[in-house]
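So the structure is just underneath, and the comments pick up after that.
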Amino acid sequence: MSNYLNYIDQDYKPSKNDLICEFFIKPKDPNELDNAIGGVAAESSIGTWTETATAKSYMAKLAAKVFYIKKIGNNSANIKIAYPSDLFELGNVPDIMSSIAGNVFGMKEVDGLRLNDIIFPKNIVKSFKGPKYGIEGVRKIIGIKDRPLMGTIVKPKIGLNVKDHAQVAYDAWLGGCDVVKDDENLSSQKFNKFEDRLKETVKMKEKAEKITGEKKMYMINVTAETKEMLRRAKLVEDSGNEYAMVDVVTVGWSALQTLRDANFNLVLHAHRAGHAAFDRNVEHGINMKVVARIVRMIGLDQLHIGTAVGKMFETHDDVIENIKALTEEFYGVKKVFPVASGGLEPLMAPALYNIMGKEVIMQFGGGIHGHPQGTIAGATAARQAIDAAMKKISLEEYAKSHKELKQALEKWGKKI
């Protein structure tokens with residue numbers, strides 16, 4: 001017989017060493033809401049679907065406890081569960097996530113379950129390295145203190161040969177981009193080998209720095225099987241390039257920890273490809289801000305957080321919550337640079353600036369390369385749009401004396 005209800009204790013006061021999870025839960029049977037709630041706490045800690053002869057009394061102190069329940073209508077609730085930190089191995093994200101975000105999603109009692117947030121205790125947070133650079137370190141490297149950083153993604157996202165890839169990056173840097181990055185699915189295909197792309201694009205980066213007098217950054221994608229990923233990261237470091245990019249969802253938590261623990265002298269840029277497979281459904285899955293907290297704890301320096309104005313699905317409030325997870329006080333862990341990317345063009349710069357302020361990396365992909373006069377003009381227009389936003393001048397007014405922005409306005413129209 002199930003003892004799930006024993007895991008509910010709304011009088012419990014969490015201790016400073018408890019890990020706290022916030023869940024939305026919708027039971028399969030509305031009449032069994034409490035049983036489903038207790039089941040999540042039990043199955044993610046020391047319990048199971050029936051009483052067992054193998055359970056020992058000393059285990060009781062390790063039981064998760066549901067200490068907060070706020071019912072939504074008659075068939076769902078927001079709940080908070082406290083987990084003693086002794087349940088988890090320190091410095092082991094896969095272990096933590098296997099517990100709190102593992103089998104519970106497959107319980108037959110549950111029709112919908114979403115992990116909306118995790119509040120980590122200090123002892124768990126301090127068992128990880130955290131970012132090596134963070135916002136402050138990135139700004140120090142690039143030498144820009146008082147404005148958003150501006151970047152682009154090489155487009156088309158995949159298919160270009162090495163020479164053309166490097167030329168697109170070069171043009172973007174000449175037009176005013178601070179950073180250029182690979183897209184998430186470019187690794188080392190036969191038409192664009194990693195080693196050749198690194199060598200050629202870094203050469204063009206250095207050329208752009210000499211011509212513009214500005215520091216430029218190249219975020220090359222090292223995503224691969226773990227050993228190969230480390231080999232590529234070492235090649236990047238040895239080349240003198242400052243950045244490496246990794247697809248954090250698809251490589252997995254273990255690979256991310258391995259990459260960070262290798263302690264390369266590289267800014268680590270986190271792309272979130274695949275996130276919407278589990279964070280888009282508001283009634284089931286894992287909230288993006290949970291990913292943001294874990295990425296920060298492991299120690300990457302930058303992370304995509306949505307745009308609120310581009311092609312991604314997140315709302316304004318979603319994006320703000322993601323930014324908060326990356327930048328709020330977190331036991332002294334460095335702040336992670338939020339990256340706005342996805343369907344952006346220059347006309348969206350004022351709205352982005354109003355939402356995010358200067359502590360953001362604005363990445364315009366097609367919105368730069370789709371400019372009527374090409375990539376250089378597109379990057380120039382985006383930089384002009386950011387300048388206008390910071391000066392609180394309308395884009396229409398600023399465009400009167402900035403032809404590239406005027407051409408962007410004529411193509412995309414006033415959208416924001």
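Simple scheme: letters A, B, ... for chains in structure tokens order, numbers from 1 for residues in each chain, numbers from 1 for ligands in the order shown.
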
Need the shell around Lys193 in chain A: protein/DNA/RNA residues with any atom at most 12 Å away, counting only C-alpha atoms. Skip same-chain ones fewer than 3 positions apart. Format as a PDB file with C-alpha atoms, in the first residue's frame?
ATOM      1  CA  ILE A 158      25.200  25.535 -41.983  1.00  0.00           C
ATOM      2  CA  GLY A 159      26.493  24.796 -45.484  1.00  0.00           C
ATOM      3  CA  LEU A 160      29.149  27.463 -46.050  1.00  0.00           C
ATOM      4  CA  ASN A 161      32.710  26.411 -46.745  1.00  0.00           C
ATOM      5  CA  VAL A 162      35.535  27.641 -44.530  1.00  0.00           C
ATOM      6  CA  LYS A 163      36.528  30.590 -46.704  1.00  0.00           C
ATOM      7  CA  HIS A 165      32.266  31.358 -43.368  1.00  0.00           C
ATOM      8  CA  LEU A 186      27.955  23.509 -37.209  1.00  0.00           C
ATOM      9  CA  SER A 187      30.648  21.239 -35.794  1.00  0.00           C
ATOM     10  CA  SER A 188      33.170  19.650 -38.155  1.00  0.00           C
ATOM     11  CA  GLN A 189      31.303  18.589 -41.282  1.00  0.00           C
ATOM     12  CA  LYS A 190      33.326  17.603 -44.339  1.00  0.00           C
ATOM     13  CA  ASP A 196      40.350  24.783 -40.879  1.00  0.00           C
ATOM     14  CA  ARG A 197      37.473  26.996 -39.745  1.00  0.00           C
ATOM     15  CA  LEU A 198      39.270  27.910 -36.522  1.00  0.00           C
ATOM     16  CA  LYS A 199      42.461  28.862 -38.317  1.00  0.00           C
ATOM     17  CA  GLU A 200      40.817  30.884 -41.081  1.00  0.00           C
ATOM     18  CA  THR A 201      38.238  32.685 -38.945  1.00  0.00           C
ATOM     19  CA  ILE A 220      33.528  28.689 -32.278  1.00  0.00           C
ATOM     20  CA  ASN A 221      31.345  25.658 -31.592  1.00  0.00           C
ATOM     21  CA  VAL A 222      33.255  22.835 -29.856  1.00  0.00           C
ATOM     22  CA  ARG A 232      38.788  21.063 -29.775  1.00  0.00           C
TER      23      ARG A 232
END

Original post:
How would you write, as an MDAnalysis selection string, the set of residues in range 199-346 of chain A that DSSP gives as alpha helix (DSSP H)?
Top reply: chainID A and resid 199:212 226:239 248:251 253:261 276:279 288:298 316:327

**OP:** Within 8 Å of Met219 in chain A, counting only C-alpha atoms, which residues show up once you throw out same-chain ones fewer than 2 positions away? Write them as a PyMOL selection string, please.
**Re:** chain A and resi 179-182+217+221+243-245+269

Subject >> Selected residue, from A:Asn78, A:Asn17, A:Ser44, A:Gln373, that lies nearest to Glu410 in chain A when counting only C-alpha atoms >> reply: A:Gln373

Original post:
Which neighbours of Ala273 in chain A fall inside 10 Å, counting only C-alpha atoms, when residues of the same chain fewer than 2 positions from it are skipped, and could you give them as a ChimeraX atom specification?
Top reply: /A:183-185,246-250,270-271,275-277,304

Only N, CA and C atoms, please: the residues just picked out, written as an mmCIF file, in the first residue's frame.
data_model
loop_
_atom_site.group_PDB
_atom_site.id
_atom_site.type_symbol
_atom_site.label_atom_id
_atom_site.label_comp_id
_atom_site.auth_asym_id
_atom_site.auth_seq_id
_atom_site.Cartn_x
_atom_site.Cartn_y
_atom_site.Cartn_z
ATOM 1 N N ASP A 183 26.701 28.735 -35.582
ATOM 2 C CA ASP A 183 25.383 28.303 -35.143
ATOM 3 C C ASP A 183 25.486 26.928 -34.501
ATOM 4 N N GLU A 184 24.372 26.494 -33.897
ATOM 5 C CA GLU A 184 24.428 25.341 -33.001
ATOM 6 C C GLU A 184 24.730 24.011 -33.686
ATOM 7 N N ASN A 185 24.442 23.910 -34.977
ATOM 8 C CA ASN A 185 24.624 22.609 -35.638
ATOM 9 C C ASN A 185 25.830 22.566 -36.568
ATOM 10 N N VAL A 246 29.315 25.979 -26.697
ATOM 11 C CA VAL A 246 28.894 24.592 -26.521
ATOM 12 C C VAL A 246 27.375 24.537 -26.411
ATOM 13 N N ASP A 247 26.791 23.506 -27.007
ATOM 14 C CA ASP A 247 25.352 23.275 -26.920
ATOM 15 C C ASP A 247 25.063 22.537 -25.614
ATOM 16 N N VAL A 248 24.599 23.263 -24.610
ATOM 17 C CA VAL A 248 24.575 22.733 -23.247
ATOM 18 C C VAL A 248 23.550 21.623 -23.037
ATOM 19 N N VAL A 249 22.444 21.677 -23.733
ATOM 20 C CA VAL A 249 21.416 20.655 -23.549
ATOM 21 C C VAL A 249 21.823 19.345 -24.206
ATOM 22 N N THR A 250 22.317 19.427 -25.428
ATOM 23 C CA THR A 250 22.587 18.196 -26.166
ATOM 24 C C THR A 250 23.872 17.501 -25.724
ATOM 25 N N ALA A 270 27.185 29.430 -23.821
ATOM 26 C CA ALA A 270 26.212 28.341 -23.768
ATOM 27 C C ALA A 270 25.050 28.585 -24.716
ATOM 28 N N HIS A 271 24.950 27.723 -25.736
ATOM 29 C CA HIS A 271 23.770 27.711 -26.598
ATOM 30 C C HIS A 271 22.794 26.699 -26.028
ATOM 31 N N HIS A 275 16.211 23.144 -25.857
ATOM 32 C CA HIS A 275 15.535 23.478 -24.592
ATOM 33 C C HIS A 275 14.019 23.410 -24.693
ATOM 34 N N ALA A 276 13.469 23.835 -25.830
ATOM 35 C CA ALA A 276 12.013 23.922 -25.937
ATOM 36 C C ALA A 276 11.342 22.551 -25.936
ATOM 37 N N ALA A 277 12.115 21.485 -26.150
ATOM 38 C CA ALA A 277 11.545 20.142 -26.081
ATOM 39 C C ALA A 277 10.998 19.838 -24.686
ATOM 40 N N HIS A 304 22.009 31.837 -23.680
ATOM 41 C CA HIS A 304 20.831 32.344 -24.374
ATOM 42 C C HIS A 304 19.621 32.304 -23.441
#

Subject >> Coordinates-based distance that separates CA of Pro372 in chain A from CA of Ile393 in chain A (Å, one decimal) >> reply: 23.3 Å

Excluding same-chain residues fewer than 6 positions from Ala385 in chain A, what lies within 9 Å of it counting only C-alpha atoms, as a CSV table (one decimal) with N, CA and C atoms, in the first residue's frame?
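out38.csv, written as the output of this step:
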chain,number,residue,atom,x,y,z
A,346,PRO,N,17.6,45.0,-36.5
A,346,PRO,CA,17.9,46.2,-35.8
A,346,PRO,C,16.8,47.0,-35.2
A,347,LEU,N,15.6,46.9,-35.8
A,347,LEU,CA,14.5,47.7,-35.3
A,347,LEU,C,14.0,47.3,-33.9
A,348,MET,N,14.5,46.1,-33.5
A,348,MET,CA,14.1,45.6,-32.2
A,348,MET,C,15.0,46.0,-31.1
A,349,ALA,N,16.1,46.7,-31.4
A,349,ALA,CA,17.1,47.1,-30.4
A,349,ALA,C,16.6,48.0,-29.3
A,350,PRO,N,15.7,49.0,-29.6
A,350,PRO,CA,15.2,49.8,-28.5
A,350,PRO,C,14.4,49.0,-27.5
A,394,SER,N,14.6,58.3,-31.3
A,394,SER,CA,13.8,57.3,-32.1
A,394,SER,C,14.6,56.9,-33.3
A,395,LEU,N,14.3,55.7,-33.7
A,395,LEU,CA,15.0,55.1,-34.9
A,395,LEU,C,14.7,55.9,-36.1
A,398,TYR,N,17.0,59.0,-35.8
A,398,TYR,CA,18.4,58.6,-36.0
A,398,TYR,C,18.7,58.2,-37.4
A,399,ALA,N,17.7,57.6,-38.1
A,399,ALA,CA,17.9,57.1,-39.5
A,399,ALA,C,18.1,58.3,-40.5
A,405,LEU,N,20.8,52.4,-41.1
A,405,LEU,CA,19.6,52.2,-40.3
A,405,LEU,C,18.4,52.6,-41.1

Would you list, as a short mmCIF file (atom, residue, chain, number, x, y, z; two decimals) with C-alpha atoms, in the first residue's frame, the residues of range 35-192 of chain A that end up in strand (DSSP E or B) under DSSP run on this structure's backbone?
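Once written, out-v2.cif looks like this:
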data_model
loop_
_atom_site.label_atom_id
_atom_site.label_comp_id
_atom_site.auth_asym_id
_atom_site.auth_seq_id
_atom_site.Cartn_x
_atom_site.Cartn_y
_atom_site.Cartn_z
CA LYS A 65 8.80 17.03 2.46
CA VAL A 66 6.03 18.91 0.64
CA PHE A 67 5.73 22.02 2.80
CA TYR A 68 3.70 24.29 0.51
CA ILE A 69 0.58 23.59 -1.54
CA LYS A 70 -1.40 26.20 -3.44
CA LYS A 71 -4.29 24.61 -5.28
CA ILE A 72 -5.31 25.90 -8.70
CA SER A 76 -3.87 21.15 -10.08
CA ALA A 77 -1.50 22.94 -7.72
CA ASN A 78 1.77 24.75 -7.29
CA ILE A 79 3.86 23.00 -4.66
CA LYS A 80 7.24 23.32 -2.95
CA ILE A 81 9.30 20.34 -1.84
CA ALA A 82 12.29 20.45 0.49
CA TYR A 83 15.05 17.89 -0.01
CA PRO A 84 17.82 17.38 2.57
CA VAL A 110 0.57 12.52 -12.80
CA ASP A 111 -0.96 14.00 -15.94
CA GLY A 112 1.24 17.11 -15.89
CA LEU A 113 4.36 17.97 -13.89
CA ARG A 114 6.66 20.93 -14.38
CA LEU A 115 9.79 21.78 -12.42
CA ASN A 116 9.53 25.55 -12.33
CA ASP A 117 12.48 26.45 -10.11
CA ILE A 118 15.24 25.11 -7.88
CA ILE A 119 16.63 26.95 -4.86
CA LEU A 149 27.64 43.83 -26.60
CA MET A 150 26.53 43.21 -30.16
CA GLY A 151 26.95 40.05 -32.13
CA THR A 152 25.78 37.93 -34.99
CA ILE A 153 25.59 34.31 -36.04
CA VAL A 179 31.23 38.95 -31.41
CA VAL A 180 30.50 36.44 -34.14
CA LYS A 181 29.49 32.89 -33.37
CA GLN A 189 31.30 18.59 -41.28
CA ASN A 192 33.67 22.95 -43.08
#

Subject >> Distance of CA of Ala166 in chain A from CA of Phe194 in chain A, expressed in Å to one decimal place >> reply: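 Distance between the two atoms: 12.1 Å.
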
Subject >> Minimum-distance residue to Ser45 in chain A, chosen among A:Lys129, A:Lys61, A:Lys108, A:Lys234 (using only C-alpha atoms) >> reply: A:Lys61

Subject >> Selection near Glu206 in chain A, 12 Å with only C-alpha atoms, sequence-local residues under 5 positions removed, as a PyMOL selection string >> reply: chain A and resi 166+169-170+173-174+199-201+211-218+239-242

Original post:
What is the CA of Lys289 in chain A-CA of Ala325 in chain A distance in Å, reported with one decimal?
Top reply: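 So the two atoms, CA of Lys289 in chain A and CA of Ala325 in chain A, lie 6.1 Å apart.
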
Original post:
From the set A:Thr258, A:Ser15, A:Thr52, A:Asn287, which residue has the shortest atom-to-atom contact distance to Phe120 in chain A, counting only C-alpha atoms?
Top reply: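 Going through A:Thr258, A:Ser15, A:Thr52, A:Asn287 one by one, the smallest distance to Phe120 in chain A is for A:Ser15.
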